[in-house]
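Next up, coords.json (JSON, C-alpha atoms):
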```json
[["chain", "number", "residue", "atom", "x", "y", "z"],
["O", 161, "ILE", "CA", 109.53, 122.10, 115.55],
["O", 162, "GLU", "CA", 110.15, 124.26, 118.61],
["O", 163, "ALA", "CA", 112.17, 126.72, 116.51],
["O", 164, "LEU", "CA", 109.51, 126.84, 113.80],
["O", 165, "ARG", "CA", 106.81, 127.58, 116.35],
["O", 166, "ARG", "CA", 108.94, 130.20, 118.09],
["O", 167, "GLU", "CA", 110.19, 131.98, 114.97],
["O", 168, "SER", "CA", 107.27, 131.78, 112.56],
["O", 169, "GLY", "CA", 104.06, 131.35, 114.49],
["O", 170, "ALA", "CA", 102.91, 129.02, 111.69],
["O", 171, "LEU", "CA", 100.87, 125.90, 112.26],
["O", 172, "VAL", "CA", 103.21, 122.91, 112.30],
["O", 173, "SER", "CA", 102.03, 119.60, 110.86],
["O", 174, "ILE", "CA", 103.96, 116.37, 111.34],
["O", 175, "ASP", "CA", 103.69, 113.84, 108.52],
["O", 176, "THR", "CA", 104.20, 110.38, 110.03],
["O", 177, "THR", "CA", 102.69, 106.94, 110.48],
["O", 178, "LYS", "CA", 104.75, 106.28, 113.63],
["O", 179, "ALA", "CA", 103.19, 106.90, 117.04],
["O", 180, "ILE", "CA", 106.50, 107.69, 118.74],
["O", 181, "VAL", "CA", 107.32, 110.35, 116.13],
["O", 182, "ALA", "CA", 103.84, 111.86, 116.43],
["O", 183, "ARG", "CA", 104.02, 111.88, 120.25],
["O", 184, "ASN", "CA", 107.42, 113.59, 120.31],
["O", 185, "ALA", "CA", 106.38, 116.09, 117.63],
["O", 186, "VAL", "CA", 103.21, 117.02, 119.51],
["O", 187, "GLU", "CA", 105.21, 117.44, 122.72],
["O", 188, "ALA", "CA", 107.56, 119.76, 120.78],
["O", 189, "GLY", "CA", 104.62, 121.86, 119.59],
["O", 190, "ALA", "CA", 103.24, 120.29, 116.39],
["O", 191, "GLN", "CA", 99.56, 121.09, 116.05],
["O", 192, "ILE", "CA", 98.54, 118.61, 113.34],
["O", 193, "ILE", "CA", 99.28, 114.92, 112.82],
["O", 194, "ASN", "CA", 99.07, 113.98, 109.13],
["O", 195, "ASP", "CA", 99.02, 110.19, 108.85],
["O", 196, "VAL", "CA", 98.99, 108.75, 105.32],
["O", 197, "SER", "CA", 97.71, 105.47, 106.76],
["O", 198, "ALA", "CA", 94.76, 107.12, 108.58],
["O", 199, "CYS", "CA", 96.21, 105.83, 111.88],
["O", 200, "MET", "CA", 96.21, 102.21, 110.64],
["O", 201, "MET", "CA", 99.93, 101.35, 110.36],
["O", 202, "ASP", "CA", 100.88, 101.84, 114.00],
["O", 203, "PRO", "CA", 98.42, 100.43, 116.55],
["O", 204, "GLU", "CA", 99.56, 103.03, 119.10],
["O", 205, "MET", "CA", 98.77, 106.02, 116.87],
["O", 206, "LEU", "CA", 95.13, 106.18, 117.96],
["O", 207, "ASP", "CA", 96.28, 106.41, 121.59],
["O", 208, "VAL", "CA", 98.58, 109.33, 120.69],
["O", 209, "VAL", "CA", 95.76, 111.09, 118.90],
["O", 210, "ARG", "CA", 93.29, 110.47, 121.73],
["O", 211, "ALA", "CA", 95.75, 111.75, 124.35],
["O", 212, "SER", "CA", 96.42, 114.99, 122.49],
["O", 213, "SER", "CA", 94.26, 117.88, 121.38],
["O", 214, "VAL", "CA", 95.85, 118.40, 117.96],
["O", 215, "GLY", "CA", 94.24, 118.21, 114.55],
["O", 216, "VAL", "CA", 94.43, 114.94, 112.62],
["O", 217, "VAL", "CA", 94.45, 114.36, 108.86],
["O", 218, "LEU", "CA", 93.20, 110.92, 107.86],
["O", 219, "MET", "CA", 94.34, 109.95, 104.37],
["O", 220, "HIS", "CA", 93.36, 107.11, 102.07],
["O", 221, "MET", "CA", 96.16, 104.94, 100.73],
["O", 222, "ARG", "CA", 95.91, 101.58, 98.98],
["O", 223, "GLY", "CA", 98.73, 99.29, 100.14],
["O", 224, "GLU", "CA", 101.85, 100.80, 101.66],
["O", 225, "PRO", "CA", 104.28, 103.40, 100.29],
["O", 226, "ARG", "CA", 106.66, 100.83, 98.79],
["O", 227, "THR", "CA", 103.95, 98.89, 96.97],
["O", 228, "MET", "CA", 101.04, 101.30, 96.58],
["O", 229, "GLN", "CA", 101.61, 101.93, 92.87],
["O", 230, "ASP", "CA", 101.93, 98.23, 91.98],
["O", 231, "ASP", "CA", 98.78, 97.85, 89.85],
["O", 232, "PRO", "CA", 96.18, 99.60, 92.06],
["O", 233, "ARG", "CA", 92.63, 98.45, 91.30],
["O", 234, "TYR", "CA", 89.18, 99.57, 92.42],
["O", 235, "GLU", "CA", 85.62, 98.69, 91.45],
["O", 236, "ASP", "CA", 84.59, 102.31, 92.14],
["O", 237, "VAL", "CA", 87.47, 104.42, 93.43],
["O", 238, "VAL", "CA", 85.30, 107.31, 94.64],
["O", 239, "SER", "CA", 82.87, 105.13, 96.60],
["O", 240, "GLU", "CA", 85.67, 103.02, 98.04],
["O", 241, "VAL", "CA", 87.74, 106.02, 99.16],
["O", 242, "CYS", "CA", 84.67, 107.71, 100.66],
["O", 243, "ALA", "CA", 83.69, 104.54, 102.54],
["O", 244, "TYR", "CA", 87.23, 103.98, 103.82],
["O", 245, "LEU", "CA", 87.51, 107.55, 105.11],
["O", 246, "ALA", "CA", 84.05, 107.36, 106.70],
["O", 247, "ASP", "CA", 85.16, 104.20, 108.54],
["O", 248, "ARG", "CA", 88.38, 105.86, 109.74],
["O", 249, "VAL", "CA", 86.46, 108.92, 110.96],
["O", 250, "GLU", "CA", 83.98, 106.68, 112.79],
["O", 251, "GLU", "CA", 86.86, 104.80, 114.40],
["O", 252, "GLN", "CA", 88.36, 108.07, 115.66],
["O", 253, "VAL", "CA", 85.05, 109.43, 116.93],
["O", 254, "SER", "CA", 84.21, 106.13, 118.63],
["O", 255, "ALA", "CA", 87.58, 106.29, 120.38],
["O", 256, "GLY", "CA", 86.70, 109.71, 121.78],
["O", 257, "VAL", "CA", 88.38, 112.01, 119.25],
["O", 258, "ALA", "CA", 86.24, 115.09, 118.59],
["O", 259, "CYS", "CA", 85.04, 115.28, 115.00],
["O", 260, "GLU", "CA", 86.12, 118.95, 114.92],
["O", 261, "ARG", "CA", 89.75, 117.79, 115.13],
["O", 262, "LEU", "CA", 89.54, 115.67, 111.97],
["O", 263, "ALA", "CA", 90.22, 116.36, 108.30],
["O", 264, "ILE", "CA", 90.16, 113.89, 105.41],
["O", 265, "ASP", "CA", 92.42, 113.45, 102.39],
["O", 266, "PRO", "CA", 91.54, 111.28, 99.36],
["O", 267, "GLY", "CA", 95.23, 110.45, 98.94],
["O", 268, "ILE", "CA", 95.83, 111.66, 95.40],
["O", 269, "GLY", "CA", 98.70, 109.58, 94.01],
["O", 270, "PHE", "CA", 98.74, 107.09, 96.88],
["O", 271, "GLY", "CA", 97.83, 103.74, 95.34],
["O", 272, "LYS", "CA", 95.95, 105.26, 92.43],
["O", 273, "THR", "CA", 96.31, 105.49, 88.67],
["O", 274, "THR", "CA", 95.98, 108.73, 86.73],
["O", 275, "GLU", "CA", 92.33, 107.93, 86.01],
["O", 276, "HIS", "CA", 91.66, 107.14, 89.69],
["O", 277, "ASN", "CA", 93.14, 110.52, 90.65],
["O", 278, "LEU", "CA", 91.03, 112.32, 88.06],
["O", 279, "ASP", "CA", 87.87, 110.52, 89.23],
["O", 280, "LEU", "CA", 88.56, 111.61, 92.80],
["O", 281, "LEU", "CA", 89.21, 115.21, 91.78],
["O", 282, "ARG", "CA", 86.01, 115.26, 89.71],
["O", 283, "SER", "CA", 84.07, 113.98, 92.73],
["O", 284, "LEU", "CA", 85.57, 116.06, 95.56],
["O", 285, "ASP", "CA", 82.06, 117.30, 96.31],
["O", 286, "ARG", "CA", 81.27, 113.89, 97.82],
["O", 287, "LEU", "CA", 84.04, 114.30, 100.38],
["O", 288, "VAL", "CA", 83.21, 117.97, 100.96],
["O", 289, "ALA", "CA", 79.60, 116.90, 101.68],
["O", 290, "THR", "CA", 80.80, 115.09, 104.81],
["O", 291, "GLY", "CA", 81.27, 118.48, 106.45],
["O", 292, "LEU", "CA", 84.86, 117.66, 107.37],
["O", 293, "PRO", "CA", 87.72, 119.76, 106.03],
["O", 294, "VAL", "CA", 89.15, 118.13, 102.90],
["O", 295, "LEU", "CA", 92.89, 118.25, 102.24],
["O", 296, "VAL", "CA", 94.18, 117.74, 98.70],
["O", 297, "GLY", "CA", 97.84, 117.22, 97.86],
["O", 298, "LEU", "CA", 98.41, 116.94, 94.14],
["O", 299, "SER", "CA", 101.30, 119.35, 93.64],
["O", 300, "ARG", "CA", 103.90, 118.04, 91.15],
["O", 301, "LYS", "CA", 102.61, 114.46, 91.43],
["O", 302, "ARG", "CA", 103.49, 111.79, 88.87],
["O", 303, "PHE", "CA", 100.02, 111.69, 87.33],
["O", 304, "LEU", "CA", 100.41, 115.38, 86.41],
["O", 305, "GLY", "CA", 103.60, 114.42, 84.58],
["O", 306, "GLU", "CA", 101.70, 111.66, 82.79],
["O", 307, "LEU", "CA", 99.03, 114.16, 81.71],
["O", 308, "THR", "CA", 101.44, 116.88, 80.57],
["O", 309, "GLY", "CA", 104.62, 115.02, 79.66],
["O", 310, "LYS", "CA", 106.51, 117.41, 81.95],
["O", 311, "PRO", "CA", 109.24, 116.50, 84.46],
["O", 312, "VAL", "CA", 108.75, 117.38, 88.14],
["O", 313, "GLU", "CA", 110.32, 120.83, 87.80],
["O", 314, "GLY", "CA", 107.97, 121.67, 84.89],
["O", 315, "ARG", "CA", 104.72, 120.93, 86.70],
["O", 316, "THR", "CA", 104.10, 124.29, 88.38],
["O", 317, "THR", "CA", 101.33, 125.41, 86.03],
["O", 318, "VAL", "CA", 99.38, 122.17, 86.14],
["O", 319, "SER", "CA", 99.85, 121.95, 89.91],
["O", 320, "VAL", "CA", 98.43, 125.44, 90.38],
["O", 321, "ALA", "CA", 95.54, 124.61, 88.04],
["O", 322, "GLY", "CA", 94.83, 121.48, 90.08],
["O", 323, "ALA", "CA", 94.90, 123.44, 93.33],
["O", 324, "PHE", "CA", 92.49, 125.98, 91.81],
["O", 325, "TRP", "CA", 90.15, 123.16, 90.79],
["O", 326, "ALA", "CA", 90.30, 121.56, 94.24],
["O", 327, "ALA", "CA", 89.65, 124.88, 96.00],
["O", 328, "CYS", "CA", 86.68, 125.64, 93.73],
["O", 329, "ALA", "CA", 85.33, 122.16, 94.52],
["O", 330, "GLY", "CA", 85.49, 122.92, 98.24],
["O", 331, "ALA", "CA", 88.85, 121.61, 99.44],
["O", 332, "GLN", "CA", 89.88, 123.69, 102.46],
["O", 333, "VAL", "CA", 93.52, 122.62, 102.80],
["O", 334, "LEU", "CA", 96.03, 122.29, 99.96],
["O", 335, "ARG", "CA", 99.51, 120.83, 100.11],
["O", 336, "VAL", "CA", 101.61, 122.71, 97.56],
["O", 337, "HIS", "CA", 105.18, 123.41, 96.54],
["O", 338, "ASP", "CA", 104.61, 126.66, 94.65],
["O", 339, "VAL", "CA", 103.12, 128.79, 97.39],
["O", 340, "ARG", "CA", 103.13, 132.23, 95.75],
["O", 341, "GLU", "CA", 101.66, 131.02, 92.48],
["O", 342, "THR", "CA", 99.03, 128.95, 94.26],
["O", 343, "ARG", "CA", 98.10, 131.86, 96.54],
["O", 344, "ASP", "CA", 97.44, 134.01, 93.45],
["O", 345, "ALA", "CA", 95.16, 131.32, 92.00],
["O", 346, "LEU", "CA", 93.35, 130.93, 95.32],
["O", 347, "ASN", "CA", 92.80, 134.68, 95.54],
["O", 348, "LEU", "CA", 91.00, 134.41, 92.19],
["O", 349, "ALA", "CA", 88.99, 131.40, 93.39],
["O", 350, "ARG", "CA", 87.96, 133.31, 96.52],
["O", 351, "ALA", "CA", 86.97, 136.39, 94.48],
["O", 352, "LEU", "CA", 84.87, 134.26, 92.12],
["O", 353, "LYS", "CA", 83.05, 132.61, 95.00],
["O", 354, "GLU", "CA", 82.23, 135.99, 96.54],
["O", 355, "THR", "CA", 80.47, 137.27, 93.44]]
```
Serialized structure, structure tokens:
Amino acid sequence: IEALRRESGALVSIDTTKAIVARNAVEAGAQIINDVSACMMDPEMLDVVRASSVGVVLMHMRGEPRTMQDDPRYEDVVSEVCAYLADRVEEQVSAGVACERLAIDPGIGFGKTTEHNLDLLRSLDRLVATGLPVLVGLSRKRFLGELTGKPVEGRTTVSVAGAFWAACAGAQVLRVHDVRETRDALNLARALKET
């Protein structure tokens, strides 16, 4: 992390559910904590967040990584994800974390079927309406393989198309593998919004 900060000047995000990892990463210079459990798996994570000044991504996940895809069910996936994220944001703000430090992530592929993922992508405007930055990570995910029949290495086109869709819907942060291709698509999205 120290070398990345020194040599690239890029923002460094640490992806962890463990408070000790987040604490050490922040001390080394990480500027964002991305917690797939929305700070719920480790009871000390909220203390780490509160004691720092870094950005925090709160993500929705049903279950835990080992079991999240074991028959995920929702009555209304969009409403349930929105309510869960609203609760997590309220928890952070009530604990003294400035709202400006927070971003939300619907957790595409984390405890969701293909149809759940599509419903969330169709309804990104509901998350964008919260006023918080929305992060979407759909690049090369399994549901894209289910839609296209393509293996992981053949999912560049559909991943870029998904990123384009998310950006047009208002997502401000995208987690991608194919940076150059996605940047081209986002340049088009930006140009279309400006006209």
Legend entry - Which of O:Leu298, O:Leu164, O:Ile180, O:Met200 sits closest to Leu280 of chain O [using only C-alpha atoms]: O:Leu298
Inset, instruction - Find the residue from O:Leu262, O:Ala351, O:Ala246, O:Val320 that sits nearest to Asn194 of chain O; use all atoms listed in the file when measuring. - result: O:Leu262
Legend entry - Between atom CA of Val241 of chain O and atom CA of Asn184 of chain O - distance in Å to one decimal: 29.9 Å
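Considering only C-alpha atoms, the residue among O:His337, O:His220, O:Arg261, O:Arg165 positioned nearest to Ala190 of chain O is O:Arg165.
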Legend entry - Selected residue, from O:Thr290, O:Ser239, O:Ser319, O:Gln332, that lies nearest to Ala345 of chain O when counting all atoms listed in the file: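 Looking only at the distances to Ala345 of chain O, the closest residue turns out to be O:Ser319.
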Legend entry - Contacts of Asp195 of chain O within 12 Å, all atoms listed in the file, excl. fewer than 2 positions in-chain, as JSON, numbers by chain: {"O": [173, 174, 175, 176, 177, 178, 179, 181, 182, 192, 193, 197, 198, 199, 200, 201, 202, 205, 206, 208, 209, 215, 216, 217, 218, 219, 220, 221, 248, 262, 263, 264, 265, 267]}
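Once segment 301-308 of chain O and its same-chain neighbours fewer than 6 positions away are set aside, Gly269, Thr273, Thr274, Asn277, Arg315, Val318 and Ser319 of chain O remain within 8 Å of it when counting all atoms listed in the file.
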Can you patch up segment 269-299 of chain O, filling it in to N, CA and C atoms, and show the result as a short mmCIF file (atom, residue, chain, number, x, y, z; two decimals), in the coordinates of the input?
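Once everything was written out, this is result.cif:
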```cif
data_model
loop_
_atom_site.label_atom_id
_atom_site.label_comp_id
_atom_site.auth_asym_id
_atom_site.auth_seq_id
_atom_site.Cartn_x
_atom_site.Cartn_y
_atom_site.Cartn_z
N GLY O 269 97.38 110.14 94.31
CA GLY O 269 98.70 109.58 94.01
C GLY O 269 99.15 108.47 94.94
N PHE O 270 98.36 108.14 95.93
CA PHE O 270 98.74 107.09 96.88
C PHE O 270 97.96 105.82 96.58
N GLY O 271 98.51 104.97 95.72
CA GLY O 271 97.83 103.74 95.34
C GLY O 271 96.71 104.00 94.36
N LYS O 272 96.97 104.89 93.40
CA LYS O 272 95.95 105.26 92.43
C LYS O 272 96.59 105.54 91.07
N THR O 273 95.88 105.17 90.03
CA THR O 273 96.31 105.49 88.67
C THR O 273 95.93 106.93 88.34
N THR O 274 96.37 107.39 87.19
CA THR O 274 95.98 108.73 86.73
C THR O 274 94.47 108.85 86.68
N GLU O 275 93.79 107.85 86.12
CA GLU O 275 92.33 107.93 86.01
C GLU O 275 91.66 107.91 87.38
N HIS O 276 92.20 107.13 88.32
CA HIS O 276 91.66 107.14 89.69
C HIS O 276 91.77 108.54 90.28
N ASN O 277 92.93 109.17 90.12
CA ASN O 277 93.14 110.52 90.65
C ASN O 277 92.16 111.51 90.03
N LEU O 278 91.97 111.41 88.73
CA LEU O 278 91.03 112.32 88.06
C LEU O 278 89.60 112.09 88.53
N ASP O 279 89.22 110.83 88.71
CA ASP O 279 87.87 110.52 89.23
C ASP O 279 87.66 111.14 90.60
N LEU O 280 88.68 111.03 91.46
CA LEU O 280 88.56 111.61 92.80
C LEU O 280 88.47 113.13 92.75
N LEU O 281 89.26 113.75 91.90
CA LEU O 281 89.21 115.21 91.78
C LEU O 281 87.86 115.67 91.22
N ARG O 282 87.33 114.92 90.28
CA ARG O 282 86.01 115.26 89.71
C ARG O 282 84.90 115.14 90.76
N SER O 283 85.12 114.30 91.75
CA SER O 283 84.07 113.98 92.73
C SER O 283 84.39 114.50 94.12
N LEU O 284 85.23 115.52 94.24
CA LEU O 284 85.57 116.06 95.56
C LEU O 284 84.33 116.49 96.34
N ASP O 285 83.27 116.87 95.63
CA ASP O 285 82.06 117.30 96.31
C ASP O 285 81.52 116.22 97.25
N ARG O 286 81.75 114.96 96.94
CA ARG O 286 81.27 113.89 97.82
C ARG O 286 82.00 113.89 99.16
N LEU O 287 83.30 114.20 99.13
CA LEU O 287 84.04 114.30 100.38
C LEU O 287 83.70 115.60 101.11
N VAL O 288 83.57 116.68 100.36
CA VAL O 288 83.21 117.97 100.96
C VAL O 288 81.85 117.86 101.67
N ALA O 289 80.95 117.06 101.10
CA ALA O 289 79.60 116.90 101.68
C ALA O 289 79.62 116.27 103.07
N THR O 290 80.72 115.66 103.46
CA THR O 290 80.80 115.09 104.81
C THR O 290 80.83 116.17 105.88
N GLY O 291 81.17 117.39 105.48
CA GLY O 291 81.27 118.48 106.45
C GLY O 291 82.64 118.59 107.09
N LEU O 292 83.50 117.62 106.84
CA LEU O 292 84.86 117.66 107.37
C LEU O 292 85.76 118.44 106.41
N PRO O 293 86.78 119.13 106.93
CA PRO O 293 87.72 119.76 106.03
C PRO O 293 88.39 118.72 105.13
N VAL O 294 88.52 119.04 103.86
CA VAL O 294 89.15 118.13 102.90
C VAL O 294 90.51 118.71 102.52
N LEU O 295 91.54 117.88 102.64
CA LEU O 295 92.89 118.25 102.24
C LEU O 295 93.19 117.57 100.91
N VAL O 296 93.77 118.31 99.99
CA VAL O 296 94.18 117.74 98.70
C VAL O 296 95.65 118.07 98.48
N GLY O 297 96.43 117.04 98.19
CA GLY O 297 97.84 117.22 97.86
C GLY O 297 98.13 116.62 96.50
N LEU O 298 98.14 117.46 95.49
CA LEU O 298 98.41 116.94 94.14
C LEU O 298 99.62 117.60 93.50
N SER O 299 100.21 118.56 94.20
CA SER O 299 101.30 119.35 93.64
C SER O 299 102.45 118.49 93.12
#
```
